[in-house]
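> Dropping in my_file14.csv, with CSV, C-alpha atoms.
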chain,number,residue,atom,x,y,z
G,1,MET,CA,-140.6,-116.1,72.7
G,2,THR,CA,-137.9,-118.8,72.9
G,3,ARG,CA,-136.6,-120.2,69.6
G,4,PRO,CA,-137.0,-124.0,69.4
G,5,LEU,CA,-133.7,-125.9,69.5
G,6,THR,CA,-133.7,-127.4,66.1
G,7,PRO,CA,-131.2,-130.1,65.0
G,8,HIS,CA,-129.5,-127.5,62.8
G,9,LEU,CA,-129.2,-125.0,65.7
G,10,PHE,CA,-128.0,-127.7,68.0
G,11,ALA,CA,-125.3,-128.7,65.6
G,12,ARG,CA,-124.1,-125.1,65.3
G,13,LEU,CA,-124.0,-124.7,69.1
G,14,ARG,CA,-122.0,-127.9,69.4
G,15,THR,CA,-119.5,-126.6,66.7
G,16,LEU,CA,-119.1,-123.3,68.6
G,17,ARG,CA,-118.5,-125.2,71.8
G,18,VAL,CA,-115.8,-127.3,70.2
G,19,LEU,CA,-114.1,-124.2,68.8
G,20,PHE,CA,-114.3,-122.4,72.1
G,21,LEU,CA,-112.6,-125.4,73.9
G,22,ALA,CA,-109.9,-125.6,71.2
G,23,LEU,CA,-109.2,-121.9,71.6
G,24,LEU,CA,-109.0,-122.3,75.4
G,25,VAL,CA,-106.7,-125.2,75.2
G,26,SER,CA,-104.4,-123.5,72.6
G,27,THR,CA,-104.3,-120.4,74.7
G,28,THR,CA,-103.4,-122.3,77.8
G,29,ALA,CA,-100.7,-124.2,75.9
G,30,LEU,CA,-99.2,-121.0,74.6
G,31,ALA,CA,-99.0,-119.6,78.1
G,32,GLU,CA,-97.4,-122.7,79.4
G,33,THR,CA,-95.0,-122.8,76.5
G,34,ALA,CA,-94.0,-119.2,77.1
G,35,SER,CA,-93.5,-119.7,80.8
G,36,GLY,CA,-91.9,-123.2,80.4
G,37,SER,CA,-94.0,-124.4,83.4
G,38,PRO,CA,-96.1,-127.5,82.6
G,39,SER,CA,-97.4,-127.6,86.2
G,40,PRO,CA,-98.7,-124.9,88.5
G,41,SER,CA,-96.0,-122.5,89.8
G,42,SER,CA,-96.0,-120.0,92.6
G,43,ALA,CA,-93.8,-117.7,90.5
G,44,PRO,CA,-95.2,-114.4,89.3
G,45,PRO,CA,-96.8,-114.5,85.8
G,46,CYS,CA,-94.8,-113.6,82.8
G,47,VAL,CA,-95.4,-110.0,81.6
G,48,ALA,CA,-96.9,-110.1,78.0
G,49,PRO,CA,-95.7,-113.7,77.5
G,50,GLU,CA,-94.4,-114.8,74.1
G,51,ALA,CA,-93.8,-118.2,72.6
G,52,PRO,CA,-90.1,-118.9,72.8
G,53,LYS,CA,-88.0,-118.7,69.6
G,54,SER,CA,-85.3,-120.9,71.2
G,55,ARG,CA,-86.0,-124.6,70.8
G,56,ASN,CA,-85.8,-126.8,73.9
G,57,HIS,CA,-85.3,-123.8,76.2
G,58,ASP,CA,-86.6,-125.9,79.1
G,59,ALA,CA,-84.5,-129.0,78.4
G,60,ALA,CA,-82.8,-128.8,81.8
G,61,THR,CA,-85.9,-128.0,83.8
G,62,LYS,CA,-88.8,-129.7,82.1
G,63,HIS,CA,-88.7,-132.6,84.6
G,64,ASP,CA,-87.4,-130.6,87.5
G,65,ALA,CA,-90.4,-130.5,89.9
G,66,ALA,CA,-88.7,-128.2,92.4
G,67,PHE,CA,-87.9,-125.7,89.7
G,68,ASN,CA,-91.3,-125.8,88.2
G,69,ARG,CA,-92.9,-125.3,91.6
G,70,ASP,CA,-91.0,-122.1,92.4
G,71,PHE,CA,-89.9,-120.6,89.0
G,72,ARG,CA,-91.0,-120.1,85.4
G,73,HIS,CA,-89.4,-119.3,82.1
G,74,CYS,CA,-90.5,-116.1,80.4
G,75,PHE,CA,-89.8,-114.4,77.1
G,76,THR,CA,-90.3,-110.9,75.9
G,77,THR,CA,-88.9,-108.9,73.0
G,78,VAL,CA,-86.7,-105.8,73.7
G,79,ARG,CA,-85.7,-103.8,70.6
G,80,GLY,CA,-85.7,-106.8,68.3
G,81,VAL,CA,-84.1,-109.3,70.8
G,82,GLN,CA,-86.3,-111.8,72.4
G,83,MET,CA,-85.0,-111.9,76.0
G,84,HIS,CA,-85.3,-115.0,78.1
G,85,TYR,CA,-85.5,-114.8,81.9
G,86,VAL,CA,-86.4,-117.0,84.8
G,87,ILE,CA,-88.5,-115.5,87.6
G,88,GLY,CA,-89.6,-116.8,91.0
G,89,GLY,CA,-90.7,-115.4,94.4
G,90,THR,CA,-92.9,-112.5,95.4
G,91,GLY,CA,-90.8,-110.8,98.0
G,92,PRO,CA,-90.4,-107.0,98.1
G,93,GLN,CA,-86.7,-107.1,97.3
G,94,THR,CA,-86.0,-107.5,93.5
G,95,THR,CA,-82.8,-109.4,93.0
G,96,VAL,CA,-81.4,-109.7,89.4
G,97,LEU,CA,-78.9,-112.4,88.5
G,98,LEU,CA,-76.5,-111.9,85.6
G,99,HIS,CA,-74.4,-114.7,84.3
G,100,GLY,CA,-71.0,-115.0,82.8
G,101,TRP,CA,-69.2,-116.9,80.0
G,102,PRO,CA,-69.5,-119.7,78.9
G,103,GLU,CA,-72.7,-120.1,81.0
G,104,SER,CA,-76.3,-118.9,81.1
G,105,TRP,CA,-78.9,-118.1,83.8
G,106,PHE,CA,-78.5,-121.8,84.7
G,107,GLU,CA,-75.3,-121.2,86.6
G,108,TYR,CA,-77.6,-119.8,89.4
G,109,ARG,CA,-80.0,-122.8,89.4
G,110,GLU,CA,-78.7,-124.4,92.6
G,111,VAL,CA,-78.7,-121.3,94.7
G,112,MET,CA,-81.9,-119.6,93.4
G,113,PRO,CA,-84.3,-121.4,95.8
G,114,ARG,CA,-82.1,-120.3,98.7
G,115,LEU,CA,-82.4,-116.7,97.6
G,116,LEU,CA,-86.2,-116.6,97.5
G,117,PRO,CA,-87.2,-115.7,101.1
G,118,GLY,CA,-88.1,-112.0,101.0
G,119,ARG,CA,-87.1,-111.6,97.3
G,120,THR,CA,-88.4,-111.7,93.8
G,121,VAL,CA,-85.5,-113.4,91.9
G,122,ILE,CA,-85.0,-112.7,88.2
G,123,ALA,CA,-82.2,-114.6,86.4
G,124,ILE,CA,-81.6,-113.2,82.9
G,125,ASP,CA,-80.0,-114.6,79.8
G,126,LEU,CA,-77.9,-111.8,78.4
G,127,PRO,CA,-78.9,-110.5,74.9
G,128,GLY,CA,-77.9,-113.0,72.2
G,129,MET,CA,-76.9,-115.6,74.8
G,130,GLY,CA,-78.5,-118.6,76.5
G,131,ASP,CA,-82.1,-118.9,75.3
G,132,SER,CA,-82.4,-115.2,74.3
G,133,THR,CA,-82.7,-114.9,70.5
G,134,GLY,CA,-81.5,-112.2,68.2
G,135,ARG,CA,-78.4,-110.0,67.9
G,136,PRO,CA,-78.2,-106.8,70.0
G,137,ALA,CA,-76.9,-103.6,68.4
G,138,ALA,CA,-73.4,-104.3,69.8
G,139,TYR,CA,-71.8,-106.5,72.4
G,140,THR,CA,-70.2,-103.8,74.5
G,141,LYS,CA,-71.3,-104.2,78.1
G,142,SER,CA,-72.9,-100.8,78.1
G,143,VAL,CA,-75.1,-101.7,75.2
G,144,LEU,CA,-76.0,-105.1,76.7
G,145,ALA,CA,-76.9,-103.2,80.0
G,146,GLY,CA,-79.4,-101.1,78.0
G,147,TYR,CA,-81.3,-104.3,77.0
G,148,VAL,CA,-81.3,-105.5,80.6
G,149,HIS,CA,-82.6,-102.1,81.7
G,150,ASP,CA,-85.4,-102.1,79.2
G,151,LEU,CA,-86.4,-105.6,80.1
G,152,LEU,CA,-86.5,-104.8,83.8
G,153,VAL,CA,-88.7,-101.7,83.1
G,154,ARG,CA,-91.1,-104.0,81.1
G,155,ILE,CA,-91.2,-106.3,84.1
G,156,GLY,CA,-91.9,-103.4,86.5
G,157,ALA,CA,-88.5,-103.3,88.2
G,158,GLN,CA,-87.7,-99.6,87.6
G,159,ARG,CA,-86.1,-98.9,91.0
G,160,ASP,CA,-84.3,-100.4,94.0
G,161,VAL,CA,-82.9,-103.5,92.1
G,162,ARG,CA,-80.2,-105.5,93.8
G,163,VAL,CA,-77.9,-107.1,91.3
G,164,VAL,CA,-75.8,-110.2,91.7
G,165,ALA,CA,-73.3,-110.8,88.8
G,166,HIS,CA,-70.5,-113.2,87.9
G,167,ASP,CA,-67.8,-113.0,85.3
G,168,PHE,CA,-68.9,-110.9,82.3
G,169,GLY,CA,-72.2,-110.3,84.1
G,170,VAL,CA,-70.1,-108.0,86.3
G,171,GLY,CA,-69.3,-105.8,83.3
G,172,VAL,CA,-72.9,-105.6,82.4
G,173,ALA,CA,-74.0,-104.9,86.0
G,174,TYR,CA,-71.5,-102.1,86.4
G,175,ALA,CA,-72.7,-100.4,83.2
G,176,LEU,CA,-76.3,-100.8,84.3
G,177,ALA,CA,-75.6,-99.2,87.7
G,178,ALA,CA,-73.5,-96.4,86.2
G,179,ARG,CA,-76.0,-95.5,83.4
G,180,HIS,CA,-79.2,-96.1,85.3
G,181,ARG,CA,-78.5,-94.9,88.8
G,182,GLN,CA,-82.0,-94.8,90.0
G,183,GLN,CA,-82.7,-98.4,89.0
G,184,VAL,CA,-79.8,-100.2,90.9
G,185,ALA,CA,-79.6,-100.1,94.7
G,186,GLY,CA,-76.6,-102.5,95.1
G,187,LEU,CA,-74.0,-104.6,93.3
G,188,PHE,CA,-72.8,-108.0,94.5
G,189,LEU,CA,-70.0,-108.9,92.1
G,190,MET,CA,-68.1,-112.2,91.6
G,191,ASP,CA,-64.6,-112.7,90.1
G,192,PHE,CA,-64.1,-110.4,87.2
G,193,PRO,CA,-61.4,-107.9,86.2
G,194,LEU,CA,-63.3,-104.7,85.6
G,195,VAL,CA,-61.2,-102.8,83.1
G,196,GLY,CA,-61.1,-99.1,83.1
G,197,ARG,CA,-58.9,-96.3,84.5
G,198,ASN,CA,-56.3,-98.5,86.1
G,199,LEU,CA,-56.8,-101.9,84.6
G,200,SER,CA,-56.1,-102.6,80.9
G,201,PHE,CA,-57.3,-105.5,78.9
G,202,GLU,CA,-54.3,-105.8,76.6
G,203,THR,CA,-51.6,-105.1,79.3
G,204,ASP,CA,-53.1,-106.6,82.5
G,205,VAL,CA,-55.9,-109.1,81.6
G,206,ARG,CA,-55.0,-110.8,78.3
G,207,PRO,CA,-51.7,-112.3,79.6
G,208,LEU,CA,-53.5,-114.1,82.5
G,209,SER,CA,-55.0,-117.0,80.5
G,210,TRP,CA,-54.8,-118.7,77.1
G,211,HIS,CA,-58.5,-118.2,76.4
G,212,PHE,CA,-58.3,-114.4,76.5
G,213,SER,CA,-56.2,-114.5,73.4
G,214,PHE,CA,-58.0,-117.4,71.7
G,215,ASN,CA,-61.5,-116.1,72.1
G,216,VAL,CA,-60.8,-112.7,70.4
G,217,GLN,CA,-59.8,-114.5,67.1
G,218,ASP,CA,-62.5,-113.6,64.7
G,219,PRO,CA,-63.8,-115.8,63.0
G,220,LEU,CA,-61.2,-118.5,63.8
G,221,ALA,CA,-62.6,-119.2,67.3
G,222,GLU,CA,-66.1,-120.0,66.0
G,223,ARG,CA,-64.7,-122.2,63.1
G,224,LEU,CA,-62.6,-124.3,65.4
G,225,VAL,CA,-65.2,-124.7,68.2
G,226,GLU,CA,-68.3,-125.2,66.1
G,227,GLY,CA,-69.3,-128.9,66.1
G,228,ARG,CA,-67.0,-129.4,69.1
G,229,VAL,CA,-68.7,-127.3,71.7
G,230,GLY,CA,-69.0,-129.9,74.4
G,231,THR,CA,-65.3,-130.9,74.1
G,232,PHE,CA,-64.2,-127.2,74.1
G,233,LEU,CA,-66.3,-126.3,77.1
G,234,ASP,CA,-65.3,-129.3,79.1
G,235,TYR,CA,-61.6,-128.5,78.5
G,236,PHE,CA,-62.2,-124.9,79.4
G,237,PHE,CA,-63.9,-125.5,82.7
G,238,ARG,CA,-61.1,-127.9,83.7
G,239,HIS,CA,-58.3,-125.6,82.7
G,240,SER,CA,-59.5,-122.0,83.5
G,241,GLN,CA,-57.7,-121.4,86.8
G,242,ILE,CA,-56.0,-118.1,86.9
G,243,SER,CA,-54.6,-118.3,90.4
G,244,GLY,CA,-52.2,-121.2,90.7
G,245,SER,CA,-50.8,-123.3,87.9
G,246,PRO,CA,-51.7,-127.0,87.7
G,247,PRO,CA,-48.8,-129.4,86.6
G,248,PRO,CA,-48.5,-130.0,82.9
G,249,GLY,CA,-50.8,-132.8,81.7
G,250,ALA,CA,-52.8,-132.9,84.9
G,251,ASP,CA,-56.1,-134.6,84.7
G,252,LEU,CA,-58.2,-132.0,86.4
G,253,PRO,CA,-61.7,-132.6,87.7
G,254,SER,CA,-64.4,-130.4,86.3
G,255,PRO,CA,-65.9,-127.9,88.7
G,256,VAL,CA,-69.1,-128.0,86.6
G,257,PRO,CA,-71.4,-131.0,87.0
G,258,PRO,CA,-72.4,-133.0,84.0
G,259,ARG,CA,-76.0,-131.7,84.0
G,260,ALA,CA,-74.7,-128.1,83.8
G,261,LEU,CA,-72.2,-129.0,81.1
G,262,ALA,CA,-74.9,-130.5,79.0
G,263,GLU,CA,-77.0,-127.4,79.3
G,264,TYR,CA,-74.2,-125.0,78.4
G,265,THR,CA,-73.3,-127.3,75.5
G,266,ARG,CA,-76.9,-127.0,74.3
G,267,VAL,CA,-77.1,-123.2,74.4
G,268,PHE,CA,-73.6,-122.6,73.0
G,269,SER,CA,-74.3,-125.0,70.1
G,270,ARG,CA,-76.7,-122.3,68.9
G,271,PRO,CA,-74.5,-120.4,66.3
G,272,GLN,CA,-75.7,-117.0,67.5
G,273,VAL,CA,-74.8,-117.8,71.1
G,274,LEU,CA,-71.3,-119.1,70.2
G,275,HIS,CA,-70.7,-115.9,68.3
G,276,ALA,CA,-72.1,-113.7,71.1
G,277,GLY,CA,-69.9,-115.4,73.7
G,278,PHE,CA,-66.7,-114.6,71.8
G,279,GLU,CA,-67.9,-111.1,71.1
G,280,LEU,CA,-67.9,-110.4,74.8
G,281,TYR,CA,-64.1,-110.7,74.6
G,282,ARG,CA,-63.7,-108.9,71.3
G,283,THR,CA,-65.3,-105.7,72.7
G,284,TRP,CA,-63.3,-105.7,76.0
G,285,SER,CA,-61.1,-102.8,74.8
G,286,GLN,CA,-64.2,-100.8,73.9
G,287,ASP,CA,-65.5,-101.6,77.4
G,288,GLU,CA,-62.3,-100.2,78.9
G,289,GLU,CA,-62.7,-96.9,77.2
G,290,GLU,CA,-66.4,-96.7,78.1
G,291,ASN,CA,-65.7,-97.6,81.7
G,292,LYS,CA,-63.1,-94.8,82.0
G,293,ARG,CA,-65.8,-92.3,81.1
G,294,LEU,CA,-68.3,-93.9,83.5
G,295,GLN,CA,-65.8,-93.9,86.3
G,296,GLN,CA,-65.6,-90.1,86.2
G,297,VAL,CA,-68.9,-90.2,88.3
G,298,PRO,CA,-68.2,-92.8,91.0
G,299,LEU,CA,-71.0,-95.1,92.2
G,300,THR,CA,-72.3,-94.3,95.7
G,301,ILE,CA,-74.4,-97.5,96.2
G,302,PRO,CA,-73.1,-100.5,98.2
G,303,VAL,CA,-70.7,-102.7,96.2
G,304,ARG,CA,-69.2,-106.0,97.3
G,305,LEU,CA,-66.7,-108.2,95.4
G,306,LEU,CA,-66.1,-111.9,95.9
G,307,THR,CA,-63.1,-113.5,94.1
G,308,GLN,CA,-61.4,-116.8,93.7
G,309,ASP,CA,-58.5,-117.6,96.0
G,310,GLY,CA,-55.8,-114.9,95.9
G,311,LEU,CA,-57.3,-112.5,93.4
G,312,THR,CA,-58.9,-109.8,95.5
G,313,GLY,CA,-55.7,-107.8,95.5
G,314,MET,CA,-55.8,-107.6,91.7
G,315,MET,CA,-59.6,-107.2,91.2
G,316,LEU,CA,-60.7,-105.0,94.1
G,317,PRO,CA,-58.7,-101.8,93.2
G,318,PRO,CA,-60.3,-101.5,89.7
G,319,VAL,CA,-63.7,-101.9,91.3
G,320,ARG,CA,-62.9,-99.1,93.7
G,321,ASP,CA,-62.1,-97.0,90.6
G,322,ALA,CA,-65.8,-97.3,89.9
G,323,ALA,CA,-67.1,-97.4,93.5
G,324,PRO,CA,-64.6,-96.0,96.0
G,325,SER,CA,-66.4,-97.6,99.0
G,326,ALA,CA,-66.5,-101.1,97.6
G,327,THR,CA,-65.4,-104.0,99.8
G,328,GLY,CA,-64.1,-107.4,98.8
G,329,THR,CA,-62.6,-110.7,99.8
G,330,ASP,CA,-61.5,-113.9,98.2
G,331,VAL,CA,-62.6,-117.4,98.9
G,332,ASP,CA,-59.9,-119.7,100.2
G,333,GLY,CA,-59.3,-122.7,98.0
G,334,ALA,CA,-61.9,-121.7,95.4
G,335,GLY,CA,-61.4,-121.2,91.7
G,336,HIS,CA,-63.4,-119.0,89.3
G,337,TRP,CA,-66.6,-121.1,89.4
G,338,LEU,CA,-67.7,-119.8,92.8
G,339,LEU,CA,-71.4,-120.8,92.4
G,340,GLU,CA,-70.5,-124.4,91.7
G,341,GLU,CA,-67.5,-124.7,94.0
G,342,ARG,CA,-68.7,-122.7,97.1
G,343,PRO,CA,-72.5,-122.2,96.8
G,344,ASP,CA,-72.9,-122.0,100.6
G,345,ARG,CA,-70.4,-119.2,100.9
G,346,VAL,CA,-71.9,-117.3,98.0
G,347,VAL,CA,-75.4,-117.5,99.4
G,348,ALA,CA,-74.1,-116.4,102.9
G,349,GLU,CA,-72.3,-113.5,101.4
G,350,ILE,CA,-75.3,-112.3,99.4
G,351,ASP,CA,-77.6,-112.6,102.4
G,352,ALA,CA,-75.1,-110.7,104.6
G,353,PHE,CA,-74.5,-108.0,102.0
G,354,TYR,CA,-78.2,-107.4,101.3
G,355,ALA,CA,-79.4,-108.2,104.9
G,356,GLU,CA,-80.5,-104.8,105.8
G,357,GLN,CA,-82.6,-104.6,102.7
G,358,LYS,CA,-84.1,-108.0,102.8
G,359,ALA,CA,-87.5,-108.8,104.4
G,360,HIS,CA,-87.4,-111.7,106.9
Let me see the structure of the file written as structure tokens.


Amino acid sequence: MTRPLTPHLFARLRTLRVLFLALLVSTTALAETASGSPSPSSAPPCVAPEAPKSRNHDAATKHDAAFNRDFRHCFTTVRGVQMHYVIGGTGPQTTVLLHGWPESWFEYREVMPRLLPGRTVIAIDLPGMGDSTGRPAAYTKSVLAGYVHDLLVRIGAQRDVRVVAHDFGVGVAYALAARHRQQVAGLFLMDFPLVGRNLSFETDVRPLSWHFSFNVQDPLAERLVEGRVGTFLDYFFRHSQISGSPPPGADLPSPVPPRALAEYTRVFSRPQVLHAGFELYRTWSQDEEENKRLQQVPLTIPVRLLTQDGLTGMMLPPVRDAAPSATGTDVDGAGHWLLEERPDRVVAEIDAFYAEQKAH
């Protein structure tokens, strides 16, 4: 027997319907917030998505229709650190992008769409940097690599990962490959002095540029830069050439476009990120000792190094201490910011290096 639909019962059903719709909307909003994608995206879904702890994480991409069509922001917590990564593509080759200092995943923004065919592309903010939130156990590259490893396992990338890395991302990439040899199938490295057996931070690297000495000053560097992040970063990008010396007082153009400078200013204005960035330098001597131990078992995977004009002769031999079969070349006329200065060359080199492993 059917119970008659009394006014009281009708009111209760209407209330339940309203609550259900509110729950559906809030759940959808949470998913969109966690992914950072307000519109439909062809990117893979986030794994166990979380609401971001970093405010305005999508400031540079919120109105970027091309980005939101192909990629999405994701957040997941690894050992107390909420890791931020950007994912796109569904190709069989997993390609992981690791950034340097003072940048974030965003340094790959312009080349990421060109890497998509045949690939799943994952650009990661290193622990404590970019829009990742929380302090890792240490800032040595080996420890940071452990967080990247755990994140990739959570995503489902346990094996056959191809890594692309720039600047300090190179140090993390090497530690990842050396400590998790079944996970990494190749390293494409850009412009970084890999300290270890035959390259010393104090003797060989620190004298190369003013910022190597400034950034290790603890806590002086933070105190001088805090509140002046944009001014500091703009000056650094303009005056960070190692090869070649510009004339004193030269008004150098910035290799980094204004949109990117604004994004890096935003993330490094987060106190934890400013601190983490300087800590990358303060642990360089510890990385040197760790790398000496790791280099006792050479890498056998393919390794390729791309450097700014004139620095392959200095940077390739230390990489060969880690991977004896590594190859390398420099880019004529380019400085350190290869992704901004020579994006076409970078994409061509990546595609050529990983060509035999990429689905067409």

> Do you know which residues are at most 6 Å from Ala322 (chain G) counting only C-alpha atoms, after dropping those on the same chain fewer than 3 positions away, and could you put them as a PyMOL selection string?

chain G and resi 295+298+319

> In Å, rounded to a single decimal, give me how far CA of Trp101 (chain G) is from CA of Gly80 (chain G).

22.6 Å

> Please, what distance in Å, to one decimal, runs between CA of Met83 (chain G) and CA of Leu299 (chain G)?

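About the pair CA of Met83 (chain G) and CA of Leu299 (chain G): they are 27.2 Å apart.
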
> Do a neighbour search on Ala334 (chain G) at 12 Å with only C-alpha atoms, toss out local chain neighbours closer than 3 positions, and write the hits as a list in words.

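Returned residues: Met190, Asp191, Gln241, Ile242, Ser243, Gly244, Pro255, Leu306, Thr307, Gln308, Asp309, Gly310, Leu311, Thr329, Asp330, Val331, Trp337, Leu338, Leu339, Glu340, Glu341, Arg342, Pro343, Arg345 and Val346 of chain G.
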
> Just checking: using all atoms listed in the file, which residue out of G:Val153, G:Tyr281, G:Leu316, G:Lys53 ends up closest to Gln217 (chain G)?

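Distance minimum relative to Gln217 (chain G) lands on G:Tyr281.
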
> Quote the spacing between CA of Val163 (chain G) and CA of Ile350 (chain G) in Å to one decimal place.

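Computed distance, CA of Val163 (chain G) to CA of Ile350 (chain G), equals 10.0 Å.
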
> Which residue, G:Ser200, G:Thr312, G:Gln158, G:Thr140, has the smallest gap to Thr283 (chain G) when you use all atoms listed in the file?

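Once distances to Thr283 (chain G) are computed over all atoms listed in the file, the minimum belongs to G:Thr140.
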
> Go through G:Thr95, G:Ala177, G:Pro193, G:Pro113 one by one, measure the shortest atom-to-atom distance of each to Ala157 (chain G) using all atoms listed in the file, and give the residue with the smallest value.

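Going through G:Thr95, G:Ala177, G:Pro193, G:Pro113 one by one, the smallest distance to Ala157 (chain G) is for G:Thr95.
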
> For Ala60 (chain G), which residue among G:Ala260, G:Val195, G:Ile124, G:Ala165 is the nearest when counting only C-alpha atoms?

G:Ala260

> May I have the residues at most 9 Å from (-86.9, -116.6, 84.4) in the file's coordinates, counting only C-alpha atoms, as an MDAnalysis selection string?

chainID G and resid 35 46 71:75 84:88 105 121:125

> Which neighbours of Val347 (chain G) fall inside 10 Å, counting all atoms listed in the file, when residues of the same chain fewer than 6 positions from it are skipped, and could you give them as an NGL selection string?

:G and (111-112 or 114-115 or 339 or 353)

> Using all atoms listed in the file, can you tell me which of G:Gln286, G:Glu263, G:Pro253, G:Pro219 comes closest to Phe201 (chain G)?

G:Gln286
